[in-house]
Amino acid sequence: MSSRLIPRGLHSIAAASVVLAMIAVVGLSVPTDAGTSDQATVPVTCRVLASLEASFPGAVSLGDLITGAPPALSTPQTVTVRSNAPWALKIRSDAQDGRMRQWAGTGYATPAPRTMAAPLEWKRQDGADFAPISGSGTVVAAGMPPTGSSGAAVSVIFRQAASYDDEALPDPGHAYRIEVTYVATQTY
């Protein structure tokens, strides 16, 4: 039998290679779920807050009214609402009786502004009848569902009649005026 002699430095390298190969083989046979991984289920929660956004029409001019002529009508005045909860729309004026008063350019004429005989009237564009506006909030739309991102539109038309009981205003800087307030609110 012949014996081969392995130099001493090479013998250590060969033995180390065999040991590393054995560790690699043994490592492959160890199950991966035996303490090498873990998992957890974590809840993620949030709440969506109620949100409402509305756009309102601007100033309305009914022009020059003529006594005895049919009442002047406004173009449709559109309120657009975006809401993620049920909502409603109300309308009111700054005059409890709904009648336009003499405006002097920066405020109502003092001490006693002239007042139109008939109140300003309003209706929903899709409504049947006009009603006088008042200082109390009157419902324009109620029980409206959430709108989604596209929103929902409600249009109002105003009507004003003029009679011989309405005085012509001598100052060209004066006009009859009323302030209309729209109030969009969420309802639950």
# chains A, B, ... in the order shown; residues from 1 in each chain; ligands from 1
call {"tool": "residues_around", "arguments": {"residues": "A:Pro70", "least_positions_apart": "2", "cutoff": "12 Å", "atoms": "only C-alpha atoms", "output": "count of residues only"}}
result
11
call {"tool": "select_by_dssp", "arguments": {"residues": "stretch 71-122 of chain A", "states": "strand (DSSP E or B)", "output": "count of residues only"}}
result
23
call {"tool": "closest_atom_pairs", "arguments": {"of": "stretch 32-93 of chain A", "to": "stretch 135-138 of chain A", "cutoff": "6 Å", "atoms": "only C-alpha atoms", "output": "CSV"}}
result
residue,atom,partner,partner_atom,distance
A:Lys90,CA,A:Thr138,CA,5.2
A:Ile91,CA,A:Thr138,CA,5.3
A:Arg92,CA,A:Gly137,CA,4.8
A:Ser93,CA,A:Gly135,CA,4.7
call {"tool": "residues_around", "arguments": {"residues": "A:Ala141", "least_positions_apart": "6", "cutoff": "10 Å", "atoms": "only C-alpha atoms", "output": "count of residues only"}}
result
8
call {"tool": "closest_residue", "arguments": {"among": "A:Arg114, A:Lys123, A:Arg82, A:Arg47", "to": "A:Arg99", "atoms": "only C-alpha atoms"}}
result
A:Arg114
call {"tool": "residues_around", "arguments": {"residues": "A:Leu52", "least_positions_apart": "4", "cutoff": "10 Å", "atoms": "only C-alpha atoms", "output": "PyMOL selection string"}}
result
chain A and resi 81-87+146-147+151+184-186
